[in-house]
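Peer 1: my_file12.pdb is reproduced below (PDB, C-alpha atoms).
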ATOM      1  CA  MET A  38     -14.680 -18.522  -4.178
ATOM      2  CA  PRO A  39     -11.944 -16.035  -5.171
ATOM      3  CA  THR A  40      -8.995 -15.332  -2.887
ATOM      4  CA  LYS A  41      -9.445 -11.955  -1.154
ATOM      5  CA  ILE A  42      -6.931  -9.117  -1.026
ATOM      6  CA  LEU A  43      -7.288  -6.076   1.244
ATOM      7  CA  ILE A  44      -6.205  -2.537   0.368
ATOM      8  CA  VAL A  45      -6.018  -0.140   3.340
ATOM      9  CA  THR A  46      -6.176   3.554   2.580
ATOM     10  CA  GLY A  47      -7.900   6.865   3.254
ATOM     11  CA  ASP A  48      -8.444  10.377   1.984
ATOM     12  CA  ALA A  49      -5.414  11.912   0.227
ATOM     13  CA  ALA A  50      -4.047   8.548  -0.881
ATOM     14  CA  GLU A  51      -2.297   8.692  -4.255
ATOM     15  CA  SER A  52      -4.917   7.769  -6.892
ATOM     16  CA  LEU A  53      -2.654   5.550  -8.999
ATOM     17  CA  GLU A  54      -1.239   3.747  -5.965
ATOM     18  CA  VAL A  55      -4.734   2.643  -4.953
ATOM     19  CA  LEU A  56      -6.354   2.031  -8.307
ATOM     20  CA  TYR A  57      -3.483   0.360 -10.170
ATOM     21  CA  PRO A  58      -3.108  -2.544  -7.712
ATOM     22  CA  TYR A  59      -6.906  -2.694  -7.294
ATOM     23  CA  GLN A  60      -7.409  -3.220 -11.023
ATOM     24  CA  ARG A  61      -4.297  -5.358 -11.578
ATOM     25  CA  LEU A  62      -5.199  -7.771  -8.786
ATOM     26  CA  ARG A  63      -8.794  -8.039 -10.001
ATOM     27  CA  GLU A  64      -7.446  -8.770 -13.473
ATOM     28  CA  GLU A  65      -5.501 -11.690 -11.938
ATOM     29  CA  GLY A  66      -8.743 -13.098 -10.498
ATOM     30  CA  TYR A  67      -8.498 -11.867  -6.902
ATOM     31  CA  GLU A  68     -11.408 -10.310  -5.028
ATOM     32  CA  VAL A  69     -10.194  -6.924  -3.788
ATOM     33  CA  HIS A  70     -11.711  -4.852  -0.972
ATOM     34  CA  ILE A  71     -10.781  -1.321   0.033
ATOM     35  CA  ALA A  72     -10.910  -0.472   3.734
ATOM     36  CA  ALA A  73     -10.667   3.012   5.254
ATOM     37  CA  PRO A  74     -11.322   4.652   8.629
ATOM     38  CA  SER A  75     -15.018   4.698   7.724
ATOM     39  CA  ARG A  76     -17.166   3.384   4.905
ATOM     40  CA  LYS A  77     -17.529   6.451   2.707
ATOM     41  CA  THR A  78     -16.470   7.941  -0.599
ATOM     42  CA  LEU A  79     -12.730   8.523  -0.411
ATOM     43  CA  ARG A  80     -11.040  11.479  -2.065
ATOM     44  CA  PHE A  81      -7.713  10.551  -3.617
ATOM     45  CA  VAL A  82      -4.984  12.861  -4.921
ATOM     46  CA  VAL A  83      -2.541  12.942  -7.822
ATOM     47  CA  HIS A  84       1.119  13.439  -7.005
ATOM     48  CA  ASP A  85       3.119  14.575  -9.982
ATOM     49  CA  PHE A  86       6.607  15.786 -10.701
ATOM     50  CA  GLU A  87       6.889  19.177 -12.404
ATOM     51  CA  PRO A  88       9.940  21.126 -13.567
ATOM     52  CA  GLY A  89      11.059  23.776 -11.121
ATOM     53  CA  TYR A  90       9.599  22.094  -8.013
ATOM     54  CA  ASP A  91      11.873  20.651  -5.357
ATOM     55  CA  THR A  92       9.251  18.035  -4.476
ATOM     56  CA  TYR A  93       6.105  16.543  -5.972
ATOM     57  CA  THR A  94       2.935  18.556  -6.468
ATOM     58  CA  GLU A  95      -0.517  17.487  -5.340
ATOM     59  CA  LYS A  96      -3.779  17.858  -7.228
ATOM     60  CA  PRO A  97      -7.287  16.475  -6.619
ATOM     61  CA  GLY A  98      -7.649  12.939  -7.941
ATOM     62  CA  TYR A  99     -10.384  10.346  -8.232
ATOM     63  CA  THR A 100     -13.051   9.531  -5.687
ATOM     64  CA  TRP A 101     -13.744   5.903  -4.824
ATOM     65  CA  PRO A 102     -15.970   4.151  -2.295
ATOM     66  CA  ALA A 103     -14.471   2.314   0.650
ATOM     67  CA  ASP A 104     -15.993  -1.151   0.873
ATOM     68  CA  LEU A 105     -15.670  -1.307   4.639
ATOM     69  CA  ALA A 106     -14.373   0.489   7.705
ATOM     70  CA  PHE A 107     -11.196  -0.677   9.446
ATOM     71  CA  ALA A 108     -13.309  -1.687  12.475
ATOM     72  CA  ASP A 109     -15.289  -4.098  10.263
ATOM     73  CA  VAL A 110     -12.262  -5.872   8.765
ATOM     74  CA  ASP A 111     -11.596  -9.481   9.724
ATOM     75  CA  PRO A 112      -7.930  -9.854   8.695
ATOM     76  CA  GLY A 113      -8.333 -13.641   8.649
ATOM     77  CA  GLU A 114     -10.548 -13.358   5.560
ATOM     78  CA  TYR A 115      -7.723 -11.906   3.463
ATOM     79  CA  ALA A 116      -4.719 -13.618   1.922
ATOM     80  CA  ALA A 117      -2.681 -10.446   1.371
ATOM     81  CA  LEU A 118      -2.518  -6.727   2.052
ATOM     82  CA  VAL A 119      -1.737  -3.692  -0.127
ATOM     83  CA  ILE A 120      -0.671  -0.383   1.443
ATOM     84  CA  PRO A 121      -0.749   2.574  -0.968
ATOM     85  CA  GLY A 122       1.028   5.852  -0.362
ATOM     86  CA  GLY A 123       0.106   9.481  -0.689
ATOM     87  CA  ARG A 124      -0.544  11.554   2.418
ATOM     88  CA  ALA A 125      -3.029   9.072   3.897
ATOM     89  CA  PRO A 126      -0.387   6.992   5.760
ATOM     90  CA  GLU A 127       0.704  10.081   7.724
ATOM     91  CA  TYR A 128      -2.565  10.113   9.677
ATOM     92  CA  LEU A 129      -3.650   6.483   9.252
ATOM     93  CA  ARG A 130      -0.651   5.222  11.226
ATOM     94  CA  ASN A 131      -2.359   6.508  14.372
ATOM     95  CA  ASP A 132      -5.568   4.499  13.802
ATOM     96  CA  PRO A 133      -5.729   1.680  16.402
ATOM     97  CA  GLU A 134      -8.049  -0.479  14.249
ATOM     98  CA  LEU A 135      -5.679  -0.270  11.296
ATOM     99  CA  ARG A 136      -2.704  -1.082  13.496
ATOM    100  CA  LYS A 137      -4.470  -4.318  14.557
ATOM    101  CA  ILE A 138      -5.062  -5.219  10.902
ATOM    102  CA  LEU A 139      -1.450  -4.574   9.932
ATOM    103  CA  LYS A 140      -0.132  -6.538  12.893
ATOM    104  CA  ALA A 141      -2.324  -9.536  11.962
ATOM    105  CA  PHE A 142      -0.773  -9.697   8.482
ATOM    106  CA  PHE A 143       2.808  -9.395   9.698
ATOM    107  CA  ASP A 144       2.296 -11.821  12.599
ATOM    108  CA  SER A 145       1.049 -14.477  10.154
ATOM    109  CA  ASP A 146       3.670 -13.686   7.471
ATOM    110  CA  ARG A 147       1.107 -13.082   4.739
ATOM    111  CA  PRO A 148       2.089 -11.141   1.599
ATOM    112  CA  VAL A 149       2.166  -7.355   1.983
ATOM    113  CA  ALA A 150       2.779  -4.830  -0.800
ATOM    114  CA  GLN A 151       3.656  -1.273   0.258
ATOM    115  CA  ILE A 152       4.529   1.730  -1.850
ATOM    116  CA  CYS A 153       5.647   5.349  -1.493
ATOM    117  CA  HIS A 154       4.598   6.633   1.973
ATOM    118  CA  GLY A 155       2.841   3.331   2.806
ATOM    119  CA  PRO A 156       5.857   2.067   4.785
ATOM    120  CA  LEU A 157       5.075   4.724   7.401
ATOM    121  CA  LEU A 158       2.271   2.361   8.462
ATOM    122  CA  THR A 159       4.462  -0.712   8.767
ATOM    123  CA  ALA A 160       7.111   1.342  10.571
ATOM    124  CA  ALA A 161       4.448   2.445  13.074
ATOM    125  CA  ILE A 162       3.854  -1.159  14.140
ATOM    126  CA  ASP A 163       7.607  -1.913  14.253
ATOM    127  CA  SER A 164       7.459  -4.405  11.373
ATOM    128  CA  LEU A 165      10.416  -3.085   9.383
ATOM    129  CA  ARG A 166      13.201  -3.766  11.868
ATOM    130  CA  GLY A 167      15.906  -5.874  10.209
ATOM    131  CA  ARG A 168      14.199  -5.849   6.804
ATOM    132  CA  ARG A 169      15.222  -4.514   3.404
ATOM    133  CA  VAL A 170      12.764  -1.967   1.982
ATOM    134  CA  THR A 171      12.314   0.873  -0.404
ATOM    135  CA  ALA A 172       9.899   3.792  -0.158
ATOM    136  CA  TYR A 173       9.555   7.294  -1.505
ATOM    137  CA  PRO A 174      13.220   8.422  -1.364
ATOM    138  CA  ALA A 175      12.493  11.258   1.097
ATOM    139  CA  LEU A 176      11.524   8.563   3.623
ATOM    140  CA  GLU A 177      15.009   7.018   3.731
ATOM    141  CA  PRO A 178      15.721   8.468   7.225
ATOM    142  CA  ASP A 179      12.322   7.241   8.468
ATOM    143  CA  MET A 180      13.012   3.738   7.166
ATOM    144  CA  GLN A 181      16.437   3.708   8.794
ATOM    145  CA  ALA A 182      14.961   4.982  12.076
ATOM    146  CA  ALA A 183      12.474   2.085  11.875
ATOM    147  CA  GLY A 184      15.428  -0.309  11.716
ATOM    148  CA  ALA A 185      15.176  -1.117   8.002
ATOM    149  CA  SER A 186      17.894  -1.192   5.378
ATOM    150  CA  PHE A 187      16.764   1.294   2.708
ATOM    151  CA  GLN A 188      17.422   0.565  -0.974
ATOM    152  CA  ASP A 189      16.664   3.201  -3.611
ATOM    153  CA  THR A 190      15.350   0.911  -6.337
ATOM    154  CA  GLU A 191      12.070   0.120  -8.126
ATOM    155  CA  ALA A 192      11.069  -2.835  -5.967
ATOM    156  CA  VAL A 193      12.505  -4.672  -2.987
ATOM    157  CA  VAL A 194      11.378  -8.141  -1.930
ATOM    158  CA  ASP A 195      12.109  -9.237   1.633
ATOM    159  CA  GLY A 196      10.293 -12.504   2.252
ATOM    160  CA  THR A 197       6.592 -11.771   1.871
ATOM    161  CA  LEU A 198       7.067  -7.976   1.997
ATOM    162  CA  VAL A 199       7.306  -6.190  -1.353
ATOM    163  CA  SER A 200       7.987  -2.451  -1.354
ATOM    164  CA  SER A 201       8.332   0.188  -4.033
ATOM    165  CA  ARG A 202       9.189   3.888  -4.287
ATOM    166  CA  ALA A 203       6.225   5.487  -6.090
ATOM    167  CA  TRP A 204       3.742   5.071  -8.936
ATOM    168  CA  PRO A 205       6.351   5.267 -11.727
ATOM    169  CA  ASP A 206       7.615   1.905 -10.377
ATOM    170  CA  HIS A 207       4.247   0.125 -10.606
ATOM    171  CA  PRO A 208       5.275  -2.490 -13.205
ATOM    172  CA  ALA A 209       8.223  -3.733 -11.127
ATOM    173  CA  TRP A 210       6.224  -3.527  -7.867
ATOM    174  CA  MET A 211       3.249  -5.544  -9.070
ATOM    175  CA  ARG A 212       5.437  -8.011 -10.994
ATOM    176  CA  GLU A 213       7.347  -8.841  -7.788
ATOM    177  CA  PHE A 214       4.241  -8.820  -5.582
ATOM    178  CA  LEU A 215       2.407 -11.168  -7.932
ATOM    179  CA  LYS A 216       5.327 -13.628  -7.778
ATOM    180  CA  VAL A 217       5.018 -13.713  -3.983
ATOM    181  CA  LEU A 218       1.227 -13.774  -4.087
ATOM    182  CA  ARG A 219       1.005 -16.620  -6.609
ATOM    183  CA  SER A 220       3.327 -18.753  -4.480
ATOM    184  CA  LYS A 221       1.557 -18.031  -1.160
ATOM    185  CA  ALA A 222      -2.072 -17.358  -2.140
ATOM    186  CA  PRO A 223      -2.941 -18.114  -5.756
ATOM    187  CA  ALA A 224      -6.184 -16.692  -7.136
ATOM    188  CA  SER A 225      -8.831 -19.395  -7.065
TER     189      SER A 225
END
How does this structure look as structure tokens?

Peer 2:
Amino acid sequence: MPTKILIVTGDAAESLEVLYPYQRLREEGYEVHIAAPSRKTLRFVVHDFEPGYDTYTEKPGYTWPADLAFADVDPGEYAALVIPGGRAPEYLRNDPELRKILKAFFDSDRPVAQICHGPLLTAAIDSLRGRRVTAYPALEPDMQAAGASFQDTEAVVDGTLVSSRAWPDHPAWMREFLKVLRSKAPAS
């Protein structure tokens, strides 16, 4: 039976930050499930960088079905967790079912990959205090307020936590996460 990985996300998640790890982890032989506030078709977005804009732009992205609702997740069934970015983390951090899931992974020191705005979720459960992380650069003050040491680089590994800035850093992010994952929970 393949080792299971959980991706937690919702509407307005960044398309590439959900689908790249989903496909890459499946390619490695892991079984990957996507959980959201409810089991439905999720609507992702595309964040892009365009000349003349002070920040990223947002356009409609792919749709993708959530395999299960947060309330139906048994964290004990999963070896690792992936937390994509986009706007979804801004509202997901208030979901009590998701907070229980996140806490279960951090309490048991299982591998967690977070990217872009995803660290807003781990900050919300006070799991960044004393850790080294990266995130979308605009979140540097949020990471510092959560007690983390922010590093503006492609990928940061702190124990079993692997963080990255945004989708342009995918190769470094997944390369580092797979090193941690293969040592802690190899695909079977």

Peer 1: Quick one, how far is atom CA of Ala185 of chain A from atom CA of Ala172 of chain A?

Peer 2: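 Calculated distance between atom CA of Ala185 of chain A and atom CA of Ala172 of chain A is 10.9 Å.
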
Peer 1: Could you state which residues are captured by the PyMOL selection byres ((chain A and resi 68) around 12) in this file, as a list in words?

Peer 2: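 With the shown file as input, the PyMOL selection byres ((chain A and resi 68) around 12) matches Met38, Pro39, Thr40, Lys41, Ile42, Leu43, Ile44, Pro58, Tyr59, Gln60, Arg61, Leu62, Arg63, Glu64, Glu65, Gly66, Tyr67, Val69, His70, Ile71, Asp104, Glu114, Tyr115, Ala116, Ala117, Leu118, Pro223, Ala224 and Ser225 of chain A.
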
Peer 1: Could you tell me which residues the PyMOL selection byres ((chain A and resi 85-91) around 12) returns for this structure, as a PyMOL selection string?

Peer 2: chain A and resi 51-53+82-84+92-98+123+175+203-205

Peer 1: Could those residues be written to a file, using C-alpha atoms, as a compact mmCIF listing (two decimals), keeping the file's coordinate frame?

Peer 2:
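Result file is selection_19.txt:
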# COMPACT_ATOMS: atom_id res chain seq x y z
CA GLU A 51 -2.30 8.69 -4.26
CA SER A 52 -4.92 7.77 -6.89
CA LEU A 53 -2.65 5.55 -9.00
CA VAL A 82 -4.98 12.86 -4.92
CA VAL A 83 -2.54 12.94 -7.82
CA HIS A 84 1.12 13.44 -7.00
CA THR A 92 9.25 18.04 -4.48
CA TYR A 93 6.10 16.54 -5.97
CA THR A 94 2.94 18.56 -6.47
CA GLU A 95 -0.52 17.49 -5.34
CA LYS A 96 -3.78 17.86 -7.23
CA PRO A 97 -7.29 16.48 -6.62
CA GLY A 98 -7.65 12.94 -7.94
CA GLY A 123 0.11 9.48 -0.69
CA ALA A 175 12.49 11.26 1.10
CA ALA A 203 6.22 5.49 -6.09
CA TRP A 204 3.74 5.07 -8.94
CA PRO A 205 6.35 5.27 -11.73

Peer 1: Using only C-alpha atoms, which residue out of A:Trp101, A:Pro74, A:Glu191, A:Phe81 lies closest to Pro133 of chain A?

Peer 2: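 Looking at the shortest contact to Pro133 of chain A, the residue is A:Pro74.
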
Peer 1: Quick one: of A:Pro148, A:Gly155, A:Gly167, A:Pro178, who's nearest to Val199 of chain A, counting all atoms listed in the file?

Peer 2: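 Among A:Pro148, A:Gly155, A:Gly167, A:Pro178, it is A:Pro148 that comes nearest to Val199 of chain A.
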
Peer 1: Residues picked by the PyMOL selection byres ((chain A and resi 126) around 7) here, as a ChimeraX atom specification?

Peer 2: /A:122-125,127-130,154-155,157-158

Peer 1: Could the residues in this selection be written to a file with C-alpha atoms, as a short mmCIF file (atom, residue, chain, number, x, y, z; two decimals), in the frame of the given file?

Peer 2:
data_model
loop_
_atom_site.label_atom_id
_atom_site.label_comp_id
_atom_site.auth_asym_id
_atom_site.auth_seq_id
_atom_site.Cartn_x
_atom_site.Cartn_y
_atom_site.Cartn_z
CA GLY A 122 1.03 5.85 -0.36
CA GLY A 123 0.11 9.48 -0.69
CA ARG A 124 -0.54 11.55 2.42
CA ALA A 125 -3.03 9.07 3.90
CA GLU A 127 0.70 10.08 7.72
CA TYR A 128 -2.56 10.11 9.68
CA LEU A 129 -3.65 6.48 9.25
CA ARG A 130 -0.65 5.22 11.23
CA HIS A 154 4.60 6.63 1.97
CA GLY A 155 2.84 3.33 2.81
CA LEU A 157 5.08 4.72 7.40
CA LEU A 158 2.27 2.36 8.46
#

Peer 1: What separation in Å, quoted to one decimal, exists between atom CA of Ala161 of chain A and atom CA of Tyr173 of chain A?

Peer 2: 16.2 Å

Peer 1: Using all atoms listed in the file for the distances, tell me which of A:Ala73, A:Val55, A:Arg80, A:Ala50 is nearest to Val110 of chain A.

Peer 2: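 Looking at the shortest contact to Val110 of chain A, the residue is A:Ala73.
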
Peer 1: Just the residues within 8 Å of Leu165 of chain A, please, counting all atoms listed in the file, with nothing from its chain fewer than 3 positions along; format it as a PyMOL selection string.

Peer 2: chain A and resi 159-160+168-170+180+183-185

Peer 1: Quick one, how far is atom CA of Thr100 of chain A from atom CA of Leu79 of chain A?

Peer 2: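 Here the two named atoms are 5.4 Å from each other.
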
Peer 1: List the residues sitting within 12 Å of (3.4, -8.2, -7.4) in the file's frame, using all atoms listed in the file, as a ChimeraX atom specification.

Peer 2: /A:57-59,61-62,65,117-119,148-152,192-194,197-201,206-223
